[in-house]
>>> print(open('structure01.txt').read())   # compact mmCIF, C-alpha atoms
# COMPACT_ATOMS: atom_id res chain seq x y z
CA MET A 92 23.00 -30.21 -2.34
CA ASN A 93 24.29 -31.07 1.10
CA SER A 94 23.30 -28.28 3.52
CA TYR A 95 26.82 -28.06 4.95
CA CYS A 96 28.16 -27.43 1.45
CA THR A 97 25.53 -24.75 0.98
CA TYR A 98 26.71 -23.00 4.15
CA ALA A 99 30.41 -23.31 3.27
CA LEU A 100 29.81 -22.05 -0.27
CA HIS A 101 27.85 -19.12 1.12
CA GLN A 102 30.82 -18.14 3.28
CA ILE A 103 33.14 -18.36 0.27
CA GLU A 104 30.68 -16.18 -1.63
CA VAL A 105 30.76 -13.62 1.20
CA ALA A 106 34.54 -13.45 0.85
CA VAL A 107 34.41 -13.28 -2.94
CA VAL A 108 31.83 -10.47 -2.93
CA SER A 109 33.93 -8.49 -0.45
CA ILE A 110 37.06 -9.01 -2.57
CA VAL A 111 35.19 -7.77 -5.65
CA ALA A 112 34.14 -4.70 -3.63
CA ILE A 113 37.75 -4.12 -2.53
CA ILE A 114 38.90 -4.35 -6.15
CA ASP A 115 36.29 -1.71 -7.06
CA LYS A 116 38.11 0.69 -4.73
CA LEU A 117 41.52 0.15 -6.33
CA ASP A 118 43.34 1.80 -9.19
CA GLU A 119 45.46 -0.12 -11.68
CA ALA A 120 48.55 1.47 -10.09
CA ASP A 121 47.68 -0.27 -6.80
CA LEU A 122 48.45 -3.62 -8.46
CA LEU A 123 52.14 -2.69 -8.52
CA VAL A 124 52.40 -1.95 -4.79
CA LYS A 125 54.84 -4.36 -3.16
CA PRO A 126 54.87 -3.83 0.62
CA THR A 127 57.75 -6.25 1.19
CA GLU A 128 60.59 -6.52 -1.29
CA ASP A 129 60.80 -10.32 -1.53
CA LYS A 130 57.03 -10.91 -1.37
CA HIS A 131 54.15 -10.61 -3.81
CA SER A 132 52.69 -7.33 -4.98
CA VAL A 133 49.03 -6.49 -4.49
CA GLY A 134 48.43 -7.49 -8.12
CA GLU A 135 50.21 -10.82 -7.75
CA LEU A 136 48.21 -11.57 -4.60
CA LEU A 137 44.95 -10.64 -6.33
CA LYS A 138 45.79 -12.86 -9.29
CA HIS A 139 46.40 -15.73 -6.87
CA ILE A 140 43.13 -15.05 -5.05
CA ALA A 141 41.27 -14.96 -8.37
CA VAL A 142 42.21 -18.57 -9.20
CA ILE A 143 41.94 -20.19 -5.76
CA CYS A 144 38.42 -21.60 -6.19
CA ARG A 145 39.14 -23.41 -9.45
CA ALA A 146 42.79 -24.27 -8.80
CA ASP A 147 42.12 -25.71 -5.36
CA PHE A 148 39.14 -27.61 -6.73
CA HIS A 149 41.40 -29.22 -9.36
CA ILE A 150 43.87 -30.10 -6.63
CA SER A 151 41.02 -31.59 -4.61
CA GLN A 152 40.20 -33.81 -7.57
CA GLY A 153 43.69 -35.26 -7.67
CA ALA A 154 45.31 -33.06 -10.33
CA ALA A 155 49.03 -33.72 -10.71
CA GLN A 156 51.63 -31.01 -10.18
CA GLU A 157 52.23 -30.85 -13.94
CA GLU A 158 48.51 -30.33 -14.57
CA MET A 159 48.43 -27.51 -12.03
CA SER A 160 51.50 -25.87 -13.55
CA ALA A 161 49.78 -25.97 -16.94
CA TYR A 162 46.58 -24.54 -15.41
CA TYR A 163 48.44 -21.63 -13.79
CA ALA A 164 50.41 -20.98 -16.98
CA GLY A 165 47.16 -20.76 -18.96
CA VAL A 166 45.61 -18.09 -16.76
CA SER A 167 45.69 -14.67 -18.40
CA ILE A 168 44.87 -11.80 -16.05
CA HIS A 169 46.02 -8.29 -16.92
CA ASN A 170 43.97 -5.76 -14.97
CA LEU A 171 41.44 -5.23 -12.18
CA LYS A 172 38.44 -6.14 -14.37
CA ASP A 173 40.15 -9.38 -15.43
CA ILE A 174 40.79 -10.23 -11.77
CA GLN A 175 37.15 -9.65 -10.85
CA ALA A 176 35.88 -11.66 -13.81
CA GLU A 177 38.26 -14.56 -13.07
CA LEU A 178 37.36 -14.55 -9.37
CA LEU A 179 33.60 -14.62 -10.04
CA SER A 180 33.90 -17.22 -12.80
CA ASN A 181 36.01 -19.52 -10.66
CA TYR A 182 33.65 -19.22 -7.70
CA SER A 183 30.72 -20.14 -10.00
CA TYR A 184 32.72 -23.13 -11.25
CA LEU A 185 33.36 -24.31 -7.69
CA GLU A 186 29.76 -23.80 -6.62
CA GLN A 187 28.41 -25.76 -9.59
CA ALA A 188 30.86 -28.60 -9.03
CA PHE A 189 29.83 -28.98 -5.40
CA ARG A 190 26.11 -28.65 -6.23
CA GLU A 191 26.44 -31.75 -8.40
CA MET A 192 28.24 -33.92 -5.81
CA THR A 193 26.47 -36.73 -4.03
CA GLU A 194 26.96 -37.47 -0.32
CA GLU A 195 29.18 -40.38 -1.30
CA GLU A 196 31.34 -38.14 -3.48
CA LEU A 197 31.66 -35.59 -0.66
CA HIS A 198 32.98 -38.27 1.69
CA HIS A 199 35.41 -39.69 -0.88
CA GLU A 200 38.99 -38.97 0.14
CA MET A 201 41.33 -37.38 -2.38
CA THR A 202 45.09 -36.95 -2.13
CA SER A 203 46.90 -33.84 -3.36
CA TYR A 204 50.06 -34.08 -5.43
CA TRP A 205 52.07 -33.22 -2.29
CA GLY A 206 50.48 -36.04 -0.30
CA VAL A 207 47.73 -34.45 1.85
CA THR A 208 44.52 -36.52 2.00
CA TYR A 209 41.11 -34.99 2.78
CA SER A 210 37.52 -35.83 1.96
CA ARG A 211 36.10 -33.65 -0.80
CA TYR A 212 34.08 -31.83 1.85
CA GLU A 213 37.27 -31.14 3.81
CA TRP A 214 38.81 -29.80 0.61
CA LEU A 215 35.88 -27.37 0.38
CA LEU A 216 36.68 -26.18 3.90
CA GLU A 217 40.34 -25.83 2.89
CA ILE A 218 39.27 -23.62 -0.04
CA LEU A 219 37.17 -21.52 2.35
CA GLY A 220 40.16 -21.05 4.65
CA HIS A 221 42.48 -20.30 1.74
CA VAL A 222 40.23 -17.54 0.36
CA TYR A 223 39.74 -15.93 3.78
CA HIS A 224 43.47 -16.13 4.55
CA HIS A 225 44.43 -14.24 1.41
CA ARG A 226 41.58 -11.76 1.71
CA GLY A 227 42.97 -10.88 5.15
CA GLN A 228 46.45 -10.53 3.67
CA LEU A 229 45.11 -8.25 0.95
CA HIS A 230 43.25 -6.08 3.43
CA ALA A 231 46.32 -5.79 5.68
CA MET A 232 48.56 -4.94 2.73
CA LEU A 233 46.23 -2.21 1.56
CA VAL A 234 45.58 -0.69 5.00
CA HIS A 235 48.92 -1.03 6.76
CA CYS A 236 51.38 -0.90 3.88
CA ASN A 237 49.62 1.15 1.25
CA GLY A 238 47.64 3.45 3.56
CA LYS A 239 44.48 2.72 1.59
CA ASP A 240 41.54 1.42 3.64
CA PRO A 241 38.93 0.18 1.15
CA LYS A 242 36.22 0.49 3.84
CA VAL A 243 34.54 -2.69 2.69
CA PRO A 244 32.72 -4.88 5.26
CA LEU A 245 34.58 -8.17 5.50
CA PHE A 246 31.73 -10.06 7.19
CA GLU A 247 27.96 -10.00 6.94
>>> encode(input="structure01.txt", output="structure tokens")
Amino acid sequence: MNSYCTYALHQIEVAVVSIVAIIDKLDEADLLVKPTEDKHSVGELLKHIAVICRADFHISQGAAQEEMSAYYAGVSIHNLKDIQAELLSNYSYLEQAFREMTEEELHHEMTSYWGVTYSRYEWLLEILGHVYHHRGQLHAMLVHCNGKDPKVPLFE
């Protein structure tokens, strides 16, 4: 595998492991906390985080909006253990997919259904940013809105 992919995947794994550790510190009732009325709850955010690796990978492969809607509709997550399992499974899926890509495939440009074009490697970096963005949101929601600091290291 391309060494840059190895490094990027490692950083995604760091985020995923820290999210799993944060989830370990939560109670099912925490999923219902909604810090801002018109925004997502902690549970809704966690469900989104859990599918980022696989969903964004599908988008990076050119999945149509209808395909993505069907993917999201097929996801069944009901509790903290489901979220952890989905998150870990989807990271493994992403890692395996990138392990199998050739240099040529990594440089191949793909266009999302909304019109953004990146190389597959750039899509990997987008996934990295997406996971870290929402992990930061989760941490801020828990600490500043829910008064619950999970005390989980966010970086190595």
>>> atom_distance(input="structure01.txt", atom1="atom CA of His198 of chain A", atom2="atom CA of Ser210 of chain A")
5.2 Å
>>> atom_distance(input="structure01.txt", atom1="atom CA of Val105 of chain A", atom2="atom CA of Glu191 of chain A")
21.0 Å
>>> closest_residue(input="structure01.txt", among="A:His224, A:His101, A:Lys130, A:Lys116", to="Glu186 of chain A", atoms="all atoms listed in the file")
A:His101
>>> closest_residue(input="structure01.txt", among="A:Leu219, A:Ala99, A:Val207, A:Leu178", to="Arg190 of chain A", atoms="only C-alpha atoms")
A:Ala99
>>> residues_around(input="structure01.txt", residues="Gly134 of chain A", least_positions_apart="3", cutoff="10 Å", atoms="all atoms listed in the file", output="list in words")
Glu119, Ala120, Asp121, Leu122, Leu123, Val124, Lys125, His131, Leu137, Lys138, His139, Ile140, Ile168, His169, Asn170, Leu171, Ile174 and Leu229 of chain A
>>> closest_residue(input="structure01.txt", among="A:Ala155, A:Leu185, A:Met232, A:Leu179", to="Gly206 of chain A", atoms="only C-alpha atoms")
A:Ala155
>>> closest_residue(input="structure01.txt", among="A:Glu128, A:Glu158, A:Asp115, A:Asp147", to="Gly220 of chain A", atoms="only C-alpha atoms")
A:Asp147
>>> residues_around(input="structure01.txt", residues="Val243 of chain A", least_positions_apart="4", cutoff="9 Å", atoms="only C-alpha atoms", output="PDB file with C-alpha atoms, in the coordinates of the input")
ATOM      1  CA  SER A 109      33.930  -8.490  -0.450  1.00  0.00           C
ATOM      2  CA  ILE A 110      37.060  -9.010  -2.570  1.00  0.00           C
ATOM      3  CA  ALA A 112      34.140  -4.700  -3.630  1.00  0.00           C
ATOM      4  CA  ILE A 113      37.750  -4.120  -2.530  1.00  0.00           C
ATOM      5  CA  LYS A 116      38.110   0.690  -4.730  1.00  0.00           C
TER       6      LYS A 116
END
>>> atom_distance(input="structure01.txt", atom1="atom CA of Glu247 of chain A", atom2="atom CA of Glu213 of chain A")
23.3 Å
>>> closest_residue(input="structure01.txt", among="A:Ser167, A:Gln102, A:Thr97, A:Thr202", to="Phe246 of chain A", atoms="only C-alpha atoms")
A:Gln102
>>> build_atoms(input="structure01.txt", residues="segment 191-218 of chain A", atoms="N, CA and C atoms", output="PDB file, in the frame of the given file")
ATOM      1  N   GLU A 191      26.671 -30.495  -7.700  1.00  0.00           N
ATOM      2  CA  GLU A 191      26.440 -31.750  -8.400  1.00  0.00           C
ATOM      3  C   GLU A 191      26.950 -32.977  -7.643  1.00  0.00           C
ATOM      4  N   MET A 192      27.665 -32.780  -6.536  1.00  0.00           N
ATOM      5  CA  MET A 192      28.240 -33.920  -5.810  1.00  0.00           C
ATOM      6  C   MET A 192      27.219 -34.618  -4.926  1.00  0.00           C
ATOM      7  N   THR A 193      27.307 -35.927  -4.920  1.00  0.00           N
ATOM      8  CA  THR A 193      26.470 -36.730  -4.030  1.00  0.00           C
ATOM      9  C   THR A 193      27.145 -36.803  -2.654  1.00  0.00           C
ATOM     10  N   GLU A 194      26.396 -37.272  -1.665  1.00  0.00           N
ATOM     11  CA  GLU A 194      26.960 -37.470  -0.320  1.00  0.00           C
ATOM     12  C   GLU A 194      28.189 -38.385  -0.396  1.00  0.00           C
ATOM     13  N   GLU A 195      28.067 -39.428  -1.162  1.00  0.00           N
ATOM     14  CA  GLU A 195      29.180 -40.380  -1.300  1.00  0.00           C
ATOM     15  C   GLU A 195      30.416 -39.691  -1.860  1.00  0.00           C
ATOM     16  N   GLU A 196      30.211 -38.866  -2.885  1.00  0.00           N
ATOM     17  CA  GLU A 196      31.340 -38.140  -3.480  1.00  0.00           C
ATOM     18  C   GLU A 196      31.972 -37.171  -2.485  1.00  0.00           C
ATOM     19  N   LEU A 197      31.144 -36.529  -1.661  1.00  0.00           N
ATOM     20  CA  LEU A 197      31.660 -35.590  -0.660  1.00  0.00           C
ATOM     21  C   LEU A 197      32.531 -36.285   0.379  1.00  0.00           C
ATOM     22  N   HIS A 198      32.217 -37.526   0.684  1.00  0.00           N
ATOM     23  CA  HIS A 198      32.980 -38.270   1.690  1.00  0.00           C
ATOM     24  C   HIS A 198      34.209 -38.962   1.102  1.00  0.00           C
ATOM     25  N   HIS A 199      34.285 -39.019  -0.218  1.00  0.00           N
ATOM     26  CA  HIS A 199      35.410 -39.690  -0.880  1.00  0.00           C
ATOM     27  C   HIS A 199      36.701 -38.911  -0.592  1.00  0.00           C
ATOM     28  N   GLU A 200      37.718 -39.607  -0.166  1.00  0.00           N
ATOM     29  CA  GLU A 200      38.990 -38.970   0.140  1.00  0.00           C
ATOM     30  C   GLU A 200      39.848 -38.835  -1.122  1.00  0.00           C
ATOM     31  N   MET A 201      40.470 -37.682  -1.243  1.00  0.00           N
ATOM     32  CA  MET A 201      41.330 -37.380  -2.380  1.00  0.00           C
ATOM     33  C   MET A 201      42.680 -36.910  -1.844  1.00  0.00           C
ATOM     34  N   THR A 202      43.736 -37.298  -2.552  1.00  0.00           N
ATOM     35  CA  THR A 202      45.090 -36.950  -2.130  1.00  0.00           C
ATOM     36  C   THR A 202      45.688 -35.938  -3.102  1.00  0.00           C
ATOM     37  N   SER A 203      46.249 -34.865  -2.543  1.00  0.00           N
ATOM     38  CA  SER A 203      46.900 -33.840  -3.360  1.00  0.00           C
ATOM     39  C   SER A 203      48.230 -34.355  -3.881  1.00  0.00           C
ATOM     40  N   TYR A 204      48.787 -33.654  -4.853  1.00  0.00           N
ATOM     41  CA  TYR A 204      50.060 -34.080  -5.430  1.00  0.00           C
ATOM     42  C   TYR A 204      51.206 -33.999  -4.414  1.00  0.00           C
ATOM     43  N   TRP A 205      51.020 -33.272  -3.317  1.00  0.00           N
ATOM     44  CA  TRP A 205      52.070 -33.220  -2.290  1.00  0.00           C
ATOM     45  C   TRP A 205      51.798 -34.165  -1.128  1.00  0.00           C
ATOM     46  N   GLY A 206      50.694 -34.950  -1.241  1.00  0.00           N
ATOM     47  CA  GLY A 206      50.480 -36.040  -0.300  1.00  0.00           C
ATOM     48  C   GLY A 206      49.460 -35.827   0.801  1.00  0.00           C
ATOM     49  N   VAL A 207      48.756 -34.694   0.832  1.00  0.00           N
ATOM     50  CA  VAL A 207      47.730 -34.450   1.850  1.00  0.00           C
ATOM     51  C   VAL A 207      46.428 -35.117   1.400  1.00  0.00           C
ATOM     52  N   THR A 208      45.772 -35.841   2.306  1.00  0.00           N
ATOM     53  CA  THR A 208      44.520 -36.520   2.000  1.00  0.00           C
ATOM     54  C   THR A 208      43.385 -35.945   2.832  1.00  0.00           C
ATOM     55  N   TYR A 209      42.329 -35.497   2.145  1.00  0.00           N
ATOM     56  CA  TYR A 209      41.110 -34.990   2.780  1.00  0.00           C
ATOM     57  C   TYR A 209      39.915 -35.544   2.011  1.00  0.00           C
ATOM     58  N   SER A 210      38.764 -35.560   2.687  1.00  0.00           N
ATOM     59  CA  SER A 210      37.520 -35.830   1.960  1.00  0.00           C
ATOM     60  C   SER A 210      37.254 -34.617   1.068  1.00  0.00           C
ATOM     61  N   ARG A 211      36.417 -34.786   0.072  1.00  0.00           N
ATOM     62  CA  ARG A 211      36.100 -33.650  -0.800  1.00  0.00           C
ATOM     63  C   ARG A 211      35.463 -32.516   0.004  1.00  0.00           C
ATOM     64  N   TYR A 212      34.664 -32.871   0.999  1.00  0.00           N
ATOM     65  CA  TYR A 212      34.080 -31.830   1.850  1.00  0.00           C
ATOM     66  C   TYR A 212      35.176 -31.080   2.605  1.00  0.00           C
ATOM     67  N   GLU A 213      36.162 -31.809   3.129  1.00  0.00           N
ATOM     68  CA  GLU A 213      37.270 -31.140   3.810  1.00  0.00           C
ATOM     69  C   GLU A 213      38.041 -30.235   2.844  1.00  0.00           C
ATOM     70  N   TRP A 214      38.162 -30.664   1.592  1.00  0.00           N
ATOM     71  CA  TRP A 214      38.810 -29.800   0.610  1.00  0.00           C
ATOM     72  C   TRP A 214      38.025 -28.504   0.434  1.00  0.00           C
ATOM     73  N   LEU A 215      36.691 -28.575   0.468  1.00  0.00           N
ATOM     74  CA  LEU A 215      35.880 -27.370   0.380  1.00  0.00           C
ATOM     75  C   LEU A 215      36.192 -26.436   1.545  1.00  0.00           C
ATOM     76  N   LEU A 216      36.324 -27.000   2.735  1.00  0.00           N
ATOM     77  CA  LEU A 216      36.680 -26.180   3.900  1.00  0.00           C
ATOM     78  C   LEU A 216      38.076 -25.590   3.754  1.00  0.00           C
ATOM     79  N   GLU A 217      38.986 -26.334   3.159  1.00  0.00           N
ATOM     80  CA  GLU A 217      40.340 -25.830   2.890  1.00  0.00           C
ATOM     81  C   GLU A 217      40.272 -24.640   1.943  1.00  0.00           C
ATOM     82  N   ILE A 218      39.435 -24.729   0.919  1.00  0.00           N
ATOM     83  CA  ILE A 218      39.270 -23.620  -0.040  1.00  0.00           C
ATOM     84  C   ILE A 218      38.713 -22.403   0.689  1.00  0.00           C
TER      85      ILE A 218
END
